[in-house]
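J.: Please find start.txt (compact mmCIF, C-alpha atoms) on the next line:
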# COMPACT_ATOMS: atom_id res chain seq x y z
CA MET A 1 89.45 116.95 75.71
CA LYS A 2 92.11 114.27 75.44
CA ILE A 3 94.93 114.80 77.92
CA GLU A 4 98.02 114.95 75.74
CA ARG A 5 100.23 117.11 77.99
CA VAL A 6 100.46 117.09 81.78
CA LEU A 7 102.36 119.73 83.76
CA ALA A 8 103.16 119.04 87.41
CA ILE A 9 104.37 122.13 89.28
CA GLY A 10 105.98 121.98 92.70
CA ALA A 11 107.60 124.65 94.81
CA HIS A 12 110.84 122.68 95.22
CA PRO A 13 112.69 119.83 93.56
CA ASP A 14 111.18 116.50 94.81
CA ASP A 15 107.73 117.95 95.69
CA VAL A 16 106.13 116.58 92.53
CA GLU A 17 107.63 113.10 92.85
CA LEU A 18 106.38 112.86 96.44
CA GLY A 19 102.91 114.18 95.64
CA CYS A 20 102.00 112.69 92.29
CA GLY A 21 104.87 110.60 90.89
CA GLY A 22 102.65 107.55 90.48
CA THR A 23 99.96 109.45 88.63
CA LEU A 24 102.54 111.00 86.30
CA SER A 25 103.91 107.55 85.56
CA LEU A 26 100.44 106.35 84.58
CA PHE A 27 99.93 109.37 82.31
CA GLN A 28 103.27 108.68 80.65
CA ARG A 29 102.09 105.13 79.93
CA THR A 30 99.10 106.51 78.05
CA GLY A 31 101.46 108.41 75.75
CA ALA A 32 100.93 111.82 77.34
CA GLU A 33 103.84 114.25 77.42
CA VAL A 34 104.80 114.90 81.05
CA VAL A 35 106.66 118.00 82.25
CA ILE A 36 107.82 118.36 85.86
CA ALA A 37 108.58 121.88 87.04
CA SER A 38 109.74 123.48 90.28
CA LEU A 39 109.43 127.17 90.98
CA SER A 40 112.57 127.21 93.11
CA HIS A 41 115.87 125.45 92.66
CA GLY A 42 115.86 124.28 96.28
CA ASP A 43 119.03 126.17 97.18
CA LYS A 44 118.48 125.93 100.95
CA GLY A 45 117.92 122.17 101.01
CA SER A 46 121.30 121.08 102.36
CA HIS A 47 123.51 121.42 105.44
CA GLU A 48 126.40 119.79 103.61
CA PHE A 49 126.69 121.80 100.39
CA SER A 50 126.96 125.48 99.58
CA ARG A 51 123.91 127.08 97.98
CA GLU A 52 125.55 126.96 94.56
CA GLU A 53 126.44 123.28 94.92
CA THR A 54 122.99 122.50 96.30
CA ILE A 55 121.41 124.02 93.20
CA ARG A 56 123.64 121.90 90.96
CA VAL A 57 123.02 118.68 92.90
CA ARG A 58 119.26 119.15 93.13
CA ARG A 59 118.90 120.00 89.46
CA LEU A 60 120.76 116.81 88.53
CA GLU A 61 118.61 114.77 90.94
CA SER A 62 115.45 116.27 89.46
CA GLN A 63 116.54 115.51 85.93
CA LYS A 64 117.28 111.90 86.90
CA ALA A 65 113.87 111.59 88.60
CA ALA A 66 112.10 112.90 85.51
CA GLU A 67 114.06 110.53 83.29
CA VAL A 68 112.67 107.55 85.25
CA ILE A 69 109.34 108.13 83.45
CA GLY A 70 110.66 109.87 80.35
CA ALA A 71 109.50 113.29 81.54
CA THR A 72 111.14 116.70 81.12
CA TYR A 73 112.28 118.78 84.10
CA ARG A 74 112.13 122.58 84.30
CA SER A 75 113.10 125.00 87.07
CA LEU A 76 112.01 128.63 87.20
CA GLY A 77 115.05 129.39 89.38
CA LEU A 78 113.46 131.16 92.34
CA ASN A 79 115.08 130.96 95.77
CA ASP A 80 113.89 128.39 98.28
CA SER A 81 111.57 129.90 100.93
CA GLU A 82 111.39 133.13 98.92
CA ILE A 83 108.42 132.41 96.65
CA PHE A 84 105.93 135.27 96.73
CA GLU A 85 102.80 136.05 94.78
CA ASP A 86 103.69 139.11 92.75
CA LEU A 87 103.44 140.18 89.13
CA GLU A 88 106.91 138.96 88.25
CA ASN A 89 106.28 135.43 89.51
CA ARG A 90 102.77 135.35 88.08
CA THR A 91 104.26 136.21 84.70
CA ARG A 92 106.87 133.46 85.06
CA VAL A 93 104.20 130.84 85.73
CA ILE A 94 101.97 132.08 82.91
CA GLU A 95 104.93 131.93 80.52
CA LEU A 96 105.61 128.34 81.60
CA LEU A 97 101.98 127.34 81.03
CA ARG A 98 101.92 128.98 77.61
CA GLU A 99 105.13 127.26 76.61
CA VAL A 100 104.09 123.76 77.77
CA LYS A 101 100.40 124.07 76.76
CA PRO A 102 99.13 121.55 79.35
CA HIS A 103 95.66 120.09 79.29
CA LEU A 104 96.05 119.15 82.97
CA ILE A 105 98.04 120.75 85.78
CA LEU A 106 98.91 119.09 89.09
CA THR A 107 100.18 121.29 91.91
CA HIS A 108 100.18 121.84 95.67
CA SER A 109 97.14 122.25 97.86
CA PRO A 110 96.56 125.75 99.29
CA SER A 111 96.55 124.19 102.78
CA ASP A 112 99.91 122.39 102.66
CA TYR A 113 102.51 122.97 105.38
CA HIS A 114 105.16 125.06 103.61
CA ALA A 115 104.61 128.71 102.72
CA ASP A 116 106.23 128.08 99.33
CA HIS A 117 103.72 125.29 98.67
CA ARG A 118 100.75 127.50 99.51
CA ILE A 119 101.97 130.38 97.38
CA THR A 120 102.73 128.02 94.49
CA ALA A 121 99.15 126.74 94.65
CA SER A 122 97.81 130.28 94.46
CA LEU A 123 100.14 131.29 91.62
CA VAL A 124 99.14 128.25 89.57
CA ASN A 125 95.42 128.58 90.30
CA HIS A 126 95.43 132.17 89.06
CA ALA A 127 97.85 131.68 86.17
CA ALA A 128 95.79 128.85 84.66
CA TYR A 129 92.99 131.28 83.82
CA ILE A 130 95.05 134.39 83.08
CA SER A 131 97.21 132.40 80.66
CA THR A 132 94.22 132.48 78.26
CA SER A 133 94.11 136.30 78.21
CA PHE A 134 95.64 137.52 74.95
CA LYS A 135 96.03 141.02 76.44
CA PHE A 136 98.39 139.66 79.11
CA GLU A 137 101.46 139.68 76.90
CA THR A 138 104.39 137.28 77.24
CA LYS A 139 106.88 135.72 74.86
CA HIS A 140 104.49 132.86 74.07
CA PRO A 141 100.91 133.40 72.86
CA SER A 142 97.89 132.91 75.11
CA LEU A 143 96.47 129.44 75.66
CA PRO A 144 93.35 128.51 73.68
CA TRP A 145 91.88 126.65 76.67
CA VAL A 146 91.83 126.87 80.47
CA PRO A 147 93.76 123.88 81.84
CA SER A 148 92.17 121.83 84.60
CA VAL A 149 94.04 122.15 87.90
CA TYR A 150 94.17 119.43 90.54
CA HIS A 151 95.77 119.85 93.97
CA MET A 152 98.06 117.13 95.29
CA ASP A 153 97.80 115.65 98.76
CA ASN A 154 99.39 117.47 101.69
CA TYR A 155 102.40 116.00 103.44
CA LEU A 156 101.19 113.11 105.64
CA GLY A 157 97.65 113.98 104.51
CA VAL A 158 97.25 116.72 107.13
CA ASP A 159 94.18 118.91 106.44
CA PHE A 160 93.48 117.26 103.08
CA LEU A 161 90.41 115.24 102.17
CA PRO A 162 90.77 113.74 98.68
CA GLU A 163 87.79 113.75 96.36
CA GLU A 164 89.49 111.70 93.67
CA TYR A 165 91.93 108.82 94.02
CA VAL A 166 94.36 107.35 91.51
CA ASP A 167 95.31 103.70 91.96
CA ILE A 168 99.10 103.65 91.72
CA THR A 169 99.60 100.08 92.93
CA GLU A 170 101.14 98.91 89.66
CA VAL A 171 103.59 101.83 89.53
CA ILE A 172 104.52 102.16 93.20
CA GLU A 173 108.06 100.94 92.51
CA ILE A 174 108.40 103.58 89.81
CA LYS A 175 107.24 106.28 92.24
CA LYS A 176 109.81 105.02 94.74
CA ALA A 177 112.52 105.09 92.08
CA MET A 178 111.67 108.71 91.28
CA ILE A 179 111.81 109.72 94.94
CA LEU A 180 115.09 107.87 95.52
CA GLN A 181 116.81 110.01 92.89
CA HIS A 182 116.60 112.89 95.39
CA GLU A 183 119.34 111.36 97.51
CA SER A 184 120.56 114.63 99.00
CA GLN A 185 117.23 115.21 100.72
CA PHE A 186 117.07 112.04 102.77
CA THR A 187 119.94 112.99 105.08
CA HIS A 188 119.00 116.68 105.10
CA LEU A 189 115.38 116.14 106.11
CA LYS A 190 116.24 113.37 108.58
CA GLU A 191 118.62 115.74 110.37
CA ARG A 192 116.21 118.67 110.22
CA THR A 193 112.87 117.05 111.07
CA GLY A 194 113.60 113.41 111.93
CA GLU A 195 111.30 112.32 109.09
CA ASP A 196 111.95 109.59 106.53
CA VAL A 197 110.27 111.15 103.50
CA LEU A 198 110.10 107.91 101.53
CA GLU A 199 108.45 105.95 104.34
CA ASP A 200 106.10 108.83 105.10
CA THR A 201 105.07 108.97 101.44
CA LEU A 202 104.51 105.21 101.25
CA ASP A 203 102.46 105.32 104.46
CA LEU A 204 100.24 108.02 102.95
CA ALA A 205 99.87 106.03 99.72
CA ARG A 206 98.79 103.01 101.78
CA LEU A 207 96.26 105.12 103.68
CA ARG A 208 94.78 106.57 100.48
CA GLY A 209 94.76 103.05 99.09
CA LYS A 210 92.75 101.75 102.06
CA GLN A 211 90.30 104.61 101.67
CA SER A 212 89.75 103.83 98.00
CA GLY A 213 89.87 100.03 98.08
CA VAL A 214 93.31 99.46 96.53
CA LYS A 215 96.82 98.85 97.88
CA PHE A 216 98.41 102.21 97.04
CA ALA A 217 96.79 105.44 95.84
CA GLU A 218 97.37 109.16 95.44
CA GLY A 219 94.66 111.64 96.40
CA PHE A 220 93.66 114.86 94.64
CA ARG A 221 91.16 117.69 94.78
CA LEU A 222 89.92 119.63 91.77
CA PHE A 223 90.41 123.40 91.84
CA ARG A 224 86.84 124.55 91.42
CA ALA A 225 86.44 127.95 89.81
CA TRP A 226 84.70 129.04 86.65
CA PRO A 227 85.55 128.08 83.92
CA HIS A 228 87.81 125.23 85.06
Would you encode the structure as structure tokens?

T.:
Amino acid sequence: MKIERVLAIGAHPDDVELGCGGTLSLFQRTGAEVVIASLSHGDKGSHEFSREETIRVRRLESQKAAEVIGATYRSLGLNDSEIFEDLENRTRVIELLREVKPHLILTHSPSDYHADHRITASLVNHAAYISTSFKFETKHPSLPWVPSVYHMDNYLGVDFLPEEYVDITEVIEIKKAMILQHESQFTHLKERTGEDVLEDTLDLARLRGKQSGVKFAEGFRLFRAWPH
């Protein structure tokens, strides 16, 4: 099946750009339609702004990051650190999949550090198959195929062994440009954890590049379950 539509789903604004921004840029170059989605609006991601202002700022940042590669941004509007696997959220994700009709989905690994990331992975893994069930009724009709699901690398590569690598050397500056749109997060995360998310992400891309024989790469694992 030709990959005409790619859906990248993160728990929070900026997760997708950090995990697979380079790969999305390459897909966009092939003419594929790229949609970036976050389950939450990242309302707790600031010491400086109120929750309402944080939502506004992070949505704008996400839209700007998507525009770097001509992608579309969507938020399902859940609260940061309050993503749970229940019927309501499963239905939300299934509805998103049915609306976008992706041939390929990129999302978090089930072993990543943040609870929201792990739950997002589980929601997406399950929704990809259930979205083909015509008896599970939503506004949009069921998908005629089961999308392939790939898990993105964990932050700093902890507890993640890639089985496939994408050479992003030629688009590393584009990945950086996408990440830099999330300006509000650099100060917030530096104050909270002492980490420089851009440098950490570039270091991981260099590591995955060394492992795969290129300068910069992103690593992925296929979600293996019948009939994916």

J.: Tell me which protein, DNA and RNA residues are within 7 Å of region 24-32 of chain A, counting only C-alpha atoms, leaving out same-chain ones fewer than 3 positions away, and put them as a PyMOL selection string.

T.: chain A and resi 3-6+20-21+69+171

J.: Once 6 Å is added on each side, what are the centre and the three edge lengths, in Å to one decimal, of the axis-aligned box enclosing the listed atoms of region 125-129 of chain A? Present them as JSON.

T.:
{"center_x": 95.4, "center_y": 130.4, "center_z": 87.1, "size_x": 16.9, "size_y": 15.6, "size_z": 18.5}

J.: Counting only C-alpha atoms, note down every residue that has an atom within 12 Å of the point (97.2, 106.5, 100.3) (file coordinates), as a PDB file with C-alpha atoms, in the coordinates of the input.

T.:
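Below you can see out_14.pdb, which holds the result:
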ATOM      1  CA  LEU A  18     106.380 112.860  96.440  1.00  0.00           C
ATOM      2  CA  GLY A  19     102.910 114.180  95.640  1.00  0.00           C
ATOM      3  CA  CYS A  20     102.000 112.690  92.290  1.00  0.00           C
ATOM      4  CA  GLY A  22     102.650 107.550  90.480  1.00  0.00           C
ATOM      5  CA  MET A 152      98.060 117.130  95.290  1.00  0.00           C
ATOM      6  CA  ASP A 153      97.800 115.650  98.760  1.00  0.00           C
ATOM      7  CA  ASN A 154      99.390 117.470 101.690  1.00  0.00           C
ATOM      8  CA  TYR A 155     102.400 116.000 103.440  1.00  0.00           C
ATOM      9  CA  LEU A 156     101.190 113.110 105.640  1.00  0.00           C
ATOM     10  CA  GLY A 157      97.650 113.980 104.510  1.00  0.00           C
ATOM     11  CA  PHE A 160      93.480 117.260 103.080  1.00  0.00           C
ATOM     12  CA  LEU A 161      90.410 115.240 102.170  1.00  0.00           C
ATOM     13  CA  PRO A 162      90.770 113.740  98.680  1.00  0.00           C
ATOM     14  CA  GLU A 164      89.490 111.700  93.670  1.00  0.00           C
ATOM     15  CA  TYR A 165      91.930 108.820  94.020  1.00  0.00           C
ATOM     16  CA  VAL A 166      94.360 107.350  91.510  1.00  0.00           C
ATOM     17  CA  ASP A 167      95.310 103.700  91.960  1.00  0.00           C
ATOM     18  CA  ILE A 168      99.100 103.650  91.720  1.00  0.00           C
ATOM     19  CA  THR A 169      99.600 100.080  92.930  1.00  0.00           C
ATOM     20  CA  ILE A 172     104.520 102.160  93.200  1.00  0.00           C
ATOM     21  CA  GLU A 199     108.450 105.950 104.340  1.00  0.00           C
ATOM     22  CA  ASP A 200     106.100 108.830 105.100  1.00  0.00           C
ATOM     23  CA  THR A 201     105.070 108.970 101.440  1.00  0.00           C
ATOM     24  CA  LEU A 202     104.510 105.210 101.250  1.00  0.00           C
ATOM     25  CA  ASP A 203     102.460 105.320 104.460  1.00  0.00           C
ATOM     26  CA  LEU A 204     100.240 108.020 102.950  1.00  0.00           C
ATOM     27  CA  ALA A 205      99.870 106.030  99.720  1.00  0.00           C
ATOM     28  CA  ARG A 206      98.790 103.010 101.780  1.00  0.00           C
ATOM     29  CA  LEU A 207      96.260 105.120 103.680  1.00  0.00           C
ATOM     30  CA  ARG A 208      94.780 106.570 100.480  1.00  0.00           C
ATOM     31  CA  GLY A 209      94.760 103.050  99.090  1.00  0.00           C
ATOM     32  CA  LYS A 210      92.750 101.750 102.060  1.00  0.00           C
ATOM     33  CA  GLN A 211      90.300 104.610 101.670  1.00  0.00           C
ATOM     34  CA  SER A 212      89.750 103.830  98.000  1.00  0.00           C
ATOM     35  CA  GLY A 213      89.870 100.030  98.080  1.00  0.00           C
ATOM     36  CA  VAL A 214      93.310  99.460  96.530  1.00  0.00           C
ATOM     37  CA  LYS A 215      96.820  98.850  97.880  1.00  0.00           C
ATOM     38  CA  PHE A 216      98.410 102.210  97.040  1.00  0.00           C
ATOM     39  CA  ALA A 217      96.790 105.440  95.840  1.00  0.00           C
ATOM     40  CA  GLU A 218      97.370 109.160  95.440  1.00  0.00           C
ATOM     41  CA  GLY A 219      94.660 111.640  96.400  1.00  0.00           C
ATOM     42  CA  PHE A 220      93.660 114.860  94.640  1.00  0.00           C
TER      43      PHE A 220
END

J.: Would you please work out which residue, of A:Arg118, A:His108, A:Lys175, A:His228, is nearest to Trp145 (chain A) when using only C-alpha atoms?

T.: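 Nearest to Trp145 (chain A): A:His228.
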
J.: With only C-alpha atoms as the atoms that count, which of A:Leu7, A:Leu76, A:Val16, A:Ala66 lies nearest to His41 (chain A)?

T.: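 Once distances to His41 (chain A) are computed over only C-alpha atoms, the minimum belongs to A:Leu76.
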